[in-house]
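With compact mmCIF, N, CA and C atoms inside, this is structure_21.txt:
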# COMPACT_ATOMS: atom_id res chain seq x y z
N MET A 1 -2.02 28.93 17.35
CA MET A 1 -2.18 27.56 17.76
C MET A 1 -3.63 27.10 17.56
N SER A 2 -4.59 27.95 17.88
CA SER A 2 -5.99 27.55 17.76
C SER A 2 -6.41 27.44 16.29
N MET A 3 -5.81 28.22 15.41
CA MET A 3 -6.13 28.14 13.99
C MET A 3 -5.66 26.79 13.44
N THR A 4 -4.50 26.31 13.88
CA THR A 4 -3.99 25.00 13.46
C THR A 4 -4.94 23.89 13.90
N LYS A 5 -5.40 23.97 15.14
CA LYS A 5 -6.34 22.96 15.64
C LYS A 5 -7.65 22.99 14.85
N LEU A 6 -8.10 24.16 14.50
CA LEU A 6 -9.32 24.30 13.74
C LEU A 6 -9.18 23.66 12.36
N LEU A 7 -8.06 23.94 11.68
CA LEU A 7 -7.84 23.39 10.35
C LEU A 7 -7.68 21.87 10.41
N CYS A 8 -6.99 21.35 11.42
CA CYS A 8 -6.85 19.90 11.56
C CYS A 8 -8.21 19.26 11.83
N GLY A 9 -9.02 19.91 12.64
CA GLY A 9 -10.35 19.40 12.93
C GLY A 9 -11.23 19.37 11.69
N LEU A 10 -11.15 20.41 10.88
CA LEU A 10 -11.93 20.45 9.64
C LEU A 10 -11.45 19.40 8.64
N ALA A 11 -10.14 19.15 8.61
CA ALA A 11 -9.61 18.14 7.70
C ALA A 11 -10.04 16.74 8.11
N ALA A 12 -10.18 16.50 9.41
CA ALA A 12 -10.56 15.17 9.90
C ALA A 12 -12.07 14.94 9.89
N LEU A 13 -12.85 15.98 9.77
CA LEU A 13 -14.30 15.86 9.84
C LEU A 13 -14.91 14.89 8.83
N PRO A 14 -14.50 14.90 7.55
CA PRO A 14 -15.09 13.93 6.62
C PRO A 14 -14.79 12.47 7.00
N LEU A 15 -13.61 12.24 7.54
CA LEU A 15 -13.26 10.88 7.95
C LEU A 15 -14.13 10.42 9.11
N ILE A 16 -14.31 11.29 10.08
CA ILE A 16 -15.12 10.95 11.25
C ILE A 16 -16.57 10.76 10.85
N ALA A 17 -17.07 11.61 9.98
CA ALA A 17 -18.46 11.50 9.55
C ALA A 17 -18.69 10.22 8.75
N GLY A 18 -17.72 9.83 7.96
CA GLY A 18 -17.85 8.59 7.19
C GLY A 18 -17.97 7.38 8.08
N VAL A 19 -17.22 7.35 9.16
CA VAL A 19 -17.29 6.23 10.10
C VAL A 19 -18.59 6.29 10.88
N ALA A 20 -19.03 7.47 11.25
CA ALA A 20 -20.24 7.61 12.06
C ALA A 20 -21.49 7.17 11.30
N PHE A 21 -21.54 7.39 9.99
CA PHE A 21 -22.72 7.05 9.22
C PHE A 21 -22.60 5.70 8.51
N ALA A 22 -21.57 4.92 8.82
CA ALA A 22 -21.42 3.61 8.19
C ALA A 22 -22.52 2.67 8.66
N GLU A 23 -23.02 1.88 7.73
CA GLU A 23 -24.08 0.94 8.07
C GLU A 23 -23.49 -0.37 8.55
N THR A 24 -24.24 -1.04 9.42
CA THR A 24 -23.82 -2.37 9.84
C THR A 24 -24.14 -3.35 8.73
N PRO A 25 -23.35 -4.41 8.58
CA PRO A 25 -23.62 -5.37 7.53
C PRO A 25 -24.98 -6.04 7.75
N LYS A 26 -25.70 -6.23 6.66
CA LYS A 26 -27.02 -6.85 6.76
C LYS A 26 -26.86 -8.37 6.70
N GLN A 27 -27.62 -9.07 7.54
CA GLN A 27 -27.61 -10.53 7.54
C GLN A 27 -29.00 -11.02 7.19
N PHE A 28 -29.06 -12.01 6.35
CA PHE A 28 -30.34 -12.59 5.96
C PHE A 28 -30.69 -13.71 6.92
N ASN A 29 -31.97 -13.93 7.10
CA ASN A 29 -32.43 -14.95 8.04
C ASN A 29 -32.03 -16.36 7.63
N ASP A 30 -31.94 -16.63 6.33
CA ASP A 30 -31.64 -17.99 5.90
C ASP A 30 -30.14 -18.23 5.68
N SER A 31 -29.29 -17.25 5.95
CA SER A 31 -27.86 -17.44 5.73
C SER A 31 -27.25 -18.23 6.88
N LYS A 32 -26.35 -19.12 6.55
CA LYS A 32 -25.69 -19.95 7.55
C LYS A 32 -24.20 -19.64 7.59
N ILE A 33 -23.83 -18.45 7.17
CA ILE A 33 -22.42 -18.07 7.15
C ILE A 33 -21.99 -17.72 8.57
N VAL A 34 -21.00 -18.43 9.06
CA VAL A 34 -20.49 -18.20 10.40
C VAL A 34 -18.98 -18.00 10.27
N ALA A 35 -18.49 -16.97 10.88
CA ALA A 35 -17.05 -16.71 10.83
C ALA A 35 -16.32 -17.73 11.70
N LYS A 36 -15.23 -18.26 11.17
CA LYS A 36 -14.43 -19.22 11.93
C LYS A 36 -13.54 -18.48 12.91
N GLN A 37 -13.26 -19.12 14.01
CA GLN A 37 -12.36 -18.54 15.00
C GLN A 37 -10.92 -18.63 14.48
N PRO A 38 -10.09 -17.64 14.77
CA PRO A 38 -8.69 -17.70 14.32
C PRO A 38 -7.95 -18.84 15.02
N MET A 39 -6.98 -19.40 14.33
CA MET A 39 -6.20 -20.49 14.90
C MET A 39 -5.25 -19.94 15.96
N GLN A 40 -5.17 -20.59 17.08
CA GLN A 40 -4.27 -20.16 18.15
C GLN A 40 -2.88 -20.75 17.90
N LEU A 41 -1.84 -19.92 18.01
CA LEU A 41 -0.47 -20.38 17.84
C LEU A 41 0.20 -20.49 19.20
N ASN A 42 1.09 -21.47 19.34
CA ASN A 42 1.83 -21.58 20.59
C ASN A 42 3.06 -20.66 20.54
N ASP A 43 3.82 -20.60 21.61
CA ASP A 43 4.97 -19.68 21.68
C ASP A 43 6.03 -19.99 20.63
N ARG A 44 6.29 -21.26 20.39
CA ARG A 44 7.30 -21.63 19.41
C ARG A 44 6.88 -21.18 18.01
N GLN A 45 5.61 -21.34 17.68
CA GLN A 45 5.12 -20.90 16.37
C GLN A 45 5.14 -19.38 16.26
N MET A 46 4.79 -18.68 17.33
CA MET A 46 4.78 -17.21 17.30
C MET A 46 6.19 -16.65 17.11
N ASP A 47 7.21 -17.35 17.63
CA ASP A 47 8.58 -16.89 17.46
C ASP A 47 9.03 -16.93 16.01
N LYS A 48 8.36 -17.73 15.18
CA LYS A 48 8.73 -17.85 13.77
C LYS A 48 7.90 -16.97 12.86
N VAL A 49 6.95 -16.23 13.40
CA VAL A 49 6.10 -15.35 12.58
C VAL A 49 6.92 -14.13 12.17
N THR A 50 7.05 -13.90 10.86
CA THR A 50 7.85 -12.78 10.36
C THR A 50 7.06 -11.86 9.44
N ALA A 51 5.80 -12.11 9.24
CA ALA A 51 4.97 -11.33 8.33
C ALA A 51 5.49 -11.39 6.90
N GLY A 52 6.24 -12.43 6.60
CA GLY A 52 6.68 -12.66 5.23
C GLY A 52 7.91 -11.89 4.79
N TRP A 53 8.65 -11.30 5.71
CA TRP A 53 9.84 -10.57 5.26
C TRP A 53 11.01 -10.84 6.19
N ASP A 54 12.19 -10.67 5.64
CA ASP A 54 13.43 -10.72 6.42
C ASP A 54 14.41 -9.76 5.75
N ILE A 55 15.53 -9.53 6.41
CA ILE A 55 16.49 -8.59 5.84
C ILE A 55 17.90 -8.99 6.24
N TRP A 56 18.82 -8.86 5.33
CA TRP A 56 20.26 -8.95 5.57
C TRP A 56 20.83 -7.79 4.78
N HIS A 57 21.35 -6.81 5.47
CA HIS A 57 21.84 -5.61 4.79
C HIS A 57 23.17 -5.21 5.41
N TRP A 58 24.11 -4.90 4.58
CA TRP A 58 25.37 -4.36 5.06
C TRP A 58 25.73 -3.15 4.22
N GLN A 59 26.36 -2.20 4.86
CA GLN A 59 26.71 -0.97 4.17
C GLN A 59 28.07 -0.50 4.65
N VAL A 60 28.90 -0.10 3.72
CA VAL A 60 30.23 0.40 4.04
C VAL A 60 30.21 1.92 3.91
N HIS A 61 30.55 2.61 5.00
CA HIS A 61 30.63 4.07 5.01
C HIS A 61 32.11 4.47 5.00
N ASN A 62 32.39 5.76 5.06
CA ASN A 62 33.77 6.24 5.10
C ASN A 62 34.50 5.78 6.35
N THR A 63 33.78 5.68 7.45
CA THR A 63 34.43 5.38 8.73
C THR A 63 34.04 4.06 9.36
N ALA A 64 33.00 3.41 8.86
CA ALA A 64 32.55 2.18 9.51
C ALA A 64 31.80 1.28 8.54
N THR A 65 31.68 0.04 8.92
CA THR A 65 30.85 -0.94 8.22
C THR A 65 29.72 -1.33 9.15
N VAL A 66 28.49 -1.34 8.64
CA VAL A 66 27.32 -1.66 9.46
C VAL A 66 26.60 -2.85 8.84
N VAL A 67 26.22 -3.80 9.70
CA VAL A 67 25.47 -4.98 9.26
C VAL A 67 24.17 -5.02 10.05
N VAL A 68 23.04 -5.19 9.35
CA VAL A 68 21.72 -5.29 9.98
C VAL A 68 21.09 -6.60 9.51
N ARG A 69 20.53 -7.33 10.47
CA ARG A 69 19.88 -8.60 10.14
C ARG A 69 18.57 -8.69 10.91
N ALA A 70 17.48 -9.01 10.23
CA ALA A 70 16.18 -9.15 10.89
C ALA A 70 15.51 -10.44 10.44
N TYR A 71 14.95 -11.15 11.39
CA TYR A 71 14.20 -12.38 11.13
C TYR A 71 14.98 -13.37 10.26
N ASN A 72 16.21 -13.69 10.70
CA ASN A 72 17.05 -14.68 10.03
C ASN A 72 17.27 -14.37 8.56
N GLY A 73 17.47 -13.10 8.25
CA GLY A 73 17.77 -12.71 6.88
C GLY A 73 19.01 -13.43 6.40
N THR A 74 18.97 -13.96 5.20
CA THR A 74 20.10 -14.72 4.67
C THR A 74 20.88 -13.89 3.67
N PRO A 75 22.22 -13.94 3.76
CA PRO A 75 23.03 -13.19 2.81
C PRO A 75 22.86 -13.74 1.40
N ARG A 76 23.05 -12.88 0.43
CA ARG A 76 22.98 -13.31 -0.97
C ARG A 76 24.25 -14.07 -1.33
N GLU A 77 24.16 -14.82 -2.40
CA GLU A 77 25.32 -15.59 -2.84
C GLU A 77 26.45 -14.65 -3.24
N GLY A 78 27.66 -14.92 -2.77
CA GLY A 78 28.81 -14.09 -3.07
C GLY A 78 28.96 -12.88 -2.16
N ASP A 79 28.13 -12.77 -1.12
CA ASP A 79 28.20 -11.64 -0.19
C ASP A 79 29.51 -11.73 0.60
N PRO A 80 30.36 -10.67 0.58
CA PRO A 80 31.64 -10.73 1.27
C PRO A 80 31.51 -10.83 2.80
N LEU A 81 30.38 -10.43 3.36
CA LEU A 81 30.20 -10.50 4.81
C LEU A 81 29.29 -11.66 5.21
N ALA A 82 29.08 -12.62 4.32
CA ALA A 82 28.18 -13.74 4.60
C ALA A 82 28.66 -14.57 5.79
N ALA A 83 29.97 -14.61 6.03
CA ALA A 83 30.50 -15.41 7.13
C ALA A 83 30.10 -14.85 8.49
N LEU A 84 29.62 -13.59 8.53
CA LEU A 84 29.21 -12.99 9.80
C LEU A 84 27.84 -13.46 10.26
N ALA A 85 27.08 -14.12 9.37
CA ALA A 85 25.74 -14.57 9.73
C ALA A 85 25.83 -15.80 10.62
N GLY A 86 25.41 -15.64 11.87
CA GLY A 86 25.45 -16.75 12.82
C GLY A 86 24.09 -17.40 12.96
N PRO A 87 23.99 -18.37 13.86
CA PRO A 87 22.71 -19.05 14.06
C PRO A 87 21.70 -18.16 14.78
N SER A 88 20.46 -18.44 14.59
CA SER A 88 19.32 -17.76 15.25
C SER A 88 19.43 -16.24 15.20
N ASN A 89 19.63 -15.74 14.00
CA ASN A 89 19.61 -14.31 13.71
C ASN A 89 20.77 -13.52 14.30
N SER A 90 21.82 -14.16 14.77
CA SER A 90 22.94 -13.43 15.36
C SER A 90 23.93 -13.00 14.28
N ILE A 91 24.73 -11.99 14.62
CA ILE A 91 25.83 -11.53 13.77
C ILE A 91 27.10 -11.77 14.57
N LEU A 92 28.01 -12.59 14.02
CA LEU A 92 29.23 -12.98 14.72
C LEU A 92 30.37 -12.07 14.30
N CYS A 93 30.79 -11.19 15.19
CA CYS A 93 31.84 -10.22 14.84
C CYS A 93 32.61 -9.86 16.10
N ASP A 94 33.90 -10.27 16.16
CA ASP A 94 34.74 -9.93 17.32
C ASP A 94 35.21 -8.48 17.29
N ALA A 95 35.42 -7.92 16.11
CA ALA A 95 35.98 -6.58 15.98
C ALA A 95 34.94 -5.47 16.04
N CYS A 96 33.67 -5.82 16.16
CA CYS A 96 32.62 -4.80 16.16
C CYS A 96 32.53 -4.09 17.50
N TYR A 97 32.50 -2.75 17.45
CA TYR A 97 32.33 -1.98 18.68
C TYR A 97 30.87 -1.97 19.12
N LEU A 98 29.96 -2.20 18.18
CA LEU A 98 28.54 -2.28 18.48
C LEU A 98 28.05 -3.63 18.00
N SER A 99 27.52 -4.42 18.91
CA SER A 99 27.01 -5.74 18.55
C SER A 99 25.78 -6.04 19.38
N ILE A 100 24.63 -5.91 18.76
CA ILE A 100 23.36 -6.17 19.43
C ILE A 100 22.73 -7.37 18.74
N ASN A 101 22.58 -8.47 19.46
CA ASN A 101 22.01 -9.68 18.89
C ASN A 101 20.71 -10.01 19.60
N ASN A 102 19.66 -10.18 18.80
CA ASN A 102 18.34 -10.48 19.31
C ASN A 102 17.68 -11.44 18.33
N THR A 103 16.65 -12.16 18.77
CA THR A 103 16.01 -13.12 17.86
C THR A 103 15.27 -12.43 16.72
N ALA A 104 14.87 -11.18 16.90
CA ALA A 104 14.14 -10.48 15.85
C ALA A 104 15.03 -9.54 15.05
N LEU A 105 15.93 -8.79 15.70
CA LEU A 105 16.73 -7.78 15.03
C LEU A 105 18.14 -7.78 15.60
N SER A 106 19.13 -7.84 14.73
CA SER A 106 20.53 -7.78 15.16
C SER A 106 21.24 -6.69 14.37
N VAL A 107 22.14 -5.97 15.06
CA VAL A 107 22.89 -4.89 14.44
C VAL A 107 24.34 -5.00 14.91
N ALA A 108 25.29 -4.83 13.99
CA ALA A 108 26.71 -4.82 14.34
C ALA A 108 27.40 -3.75 13.51
N SER A 109 28.43 -3.13 14.10
CA SER A 109 29.17 -2.10 13.39
C SER A 109 30.63 -2.14 13.80
N ALA A 110 31.53 -1.97 12.82
CA ALA A 110 32.97 -1.95 13.07
C ALA A 110 33.56 -0.69 12.46
N ILE A 111 34.54 -0.12 13.15
CA ILE A 111 35.20 1.10 12.69
C ILE A 111 36.29 0.75 11.68
N HIS A 112 36.38 1.50 10.59
CA HIS A 112 37.45 1.30 9.61
C HIS A 112 38.76 1.75 10.21
N GLY A 113 39.83 1.09 9.81
CA GLY A 113 41.16 1.40 10.34
C GLY A 113 41.46 0.57 11.57
N GLY A 114 40.44 -0.04 12.13
CA GLY A 114 40.64 -0.93 13.27
C GLY A 114 40.70 -2.36 12.76
N PRO A 115 40.43 -3.30 13.64
CA PRO A 115 40.42 -4.69 13.19
C PRO A 115 39.33 -4.93 12.13
N ILE A 116 39.60 -5.80 11.21
CA ILE A 116 38.63 -6.13 10.15
C ILE A 116 37.55 -7.02 10.74
N PRO A 117 36.27 -6.74 10.45
CA PRO A 117 35.22 -7.59 10.97
C PRO A 117 35.35 -9.02 10.45
N THR A 118 35.57 -9.94 11.35
CA THR A 118 35.69 -11.34 10.99
C THR A 118 34.77 -12.14 11.90
N PRO A 119 34.37 -13.31 11.46
CA PRO A 119 33.48 -14.11 12.30
C PRO A 119 34.16 -14.51 13.60
N ALA A 120 33.40 -14.55 14.65
CA ALA A 120 33.91 -15.00 15.95
C ALA A 120 34.10 -16.51 15.88
N PRO A 121 35.10 -17.04 16.61
CA PRO A 121 35.33 -18.49 16.57
C PRO A 121 34.21 -19.26 17.23
Would you put the structure from the file into C-alpha cells?
Amino acid sequence: MSMTKLLCGLAALPLIAGVAFAETPKQFNDSKIVAKQPMQLNDRQMDKVTAGWDIWHWQVHNTATVVVRAYNGTPREGDPLAALAGPSNSILCDACYLSINNTALSVASAIHGGPIPTPAP
C-alpha cells in the first residue's frame, strides 16, 4: 500500500511543482484593461442553460425498450418513438414500468411482450 502511495506522489510531483512555480501575470502601469463582471442570470434563464447540448436516444434490447431525453432533446425526423416526446422534457408512456420525468433528464423503459409503449393521452 505504501509503495502505491509513493508512486502516485512521485507521478503528481511535476504537476504540483508546475503550479507552485507559476508566475503571476504582469500588469503594466499604463494599461487600462479591466475585466468585466460576468452577467447575472435569473432563475428562468438558468433553467434554459444546457451548455449547448441535448439528447434524445432510444434503444431496443432483447427484453426492453429504453428512451432517454435530456434538455428537451428533439427526436429526429422519422423516429418511430417521436410521439413519446412530451412537453418540458417529459417522456409520455403509459406502458413503461420505469418513468422518471425531470426538467433536465428523463428516462423511460418498457418491457417487451407487455403493452407497447404508446403516448399517454
When DSSP is applied to the backbone of this structure, which of segment 42-114 of chain A are assigned strand (DSSP E or B)? Write them out as a count of residues only.
25
Distance criterion (only C-alpha atoms): nearest to Gly86 of chain A out of A:Ile16, A:Gly73, A:Cys8, A:Arg44
A:Gly73
Suppose you want the space between atom CA of Leu92 of chain A and atom CA of Asn42 of chain A; what is it in Å?
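A separation of 29.3 Å between them.
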What's around Ile55 of chain A at 7 Å? Count all atoms listed in the file, leave out sequence neighbours fewer than 5 positions away in its own chain, and write the answer as a VMD selection string.
chain A and resid 68 to 74
What does the structure give for the distance between atom C of Ser109 of chain A and atom CA of Gln59 of chain A, in Å to one decimal?
10.5 Å
Straight-line distance linking atom C of Thr63 of chain A with atom C of Gly113 of chain A, stated in Å to one decimal:
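Going from atom C of Thr63 of chain A over to atom C of Gly113 of chain A covers 8.5 Å.
Among A:Gly9, A:Met39, A:Arg76, A:Ile111, the residue with the shortest atom-to-atom distance to Trp56 of chain A, counting all atoms listed in the file, is A:Arg76.
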Report as a list in words all protein, DNA and RNA residues lying within 12 Å of His61 of chain A, evaluated on only C-alpha atoms, omitting residues in the same chain fewer than 3 positions from it.
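Everything that qualifies: Trp58, Ala64, Thr65, Val66, Val67, Ser109, Ala110, Ile111 and His112 of chain A.
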Let's see if you can do this: from backbone DSSP, list all helix (DSSP H, G or I) residues in segment 28-108 of chain A, as a PyMOL selection string.
chain A and resi 43-47+82-84
Determine the nearest neighbour of Met46 of chain A from the options A:Ala85, A:Ala11, A:Ala104, A:Leu6, counting only C-alpha atoms.
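For Met46 of chain A, the nearest of the candidates is A:Ala104.
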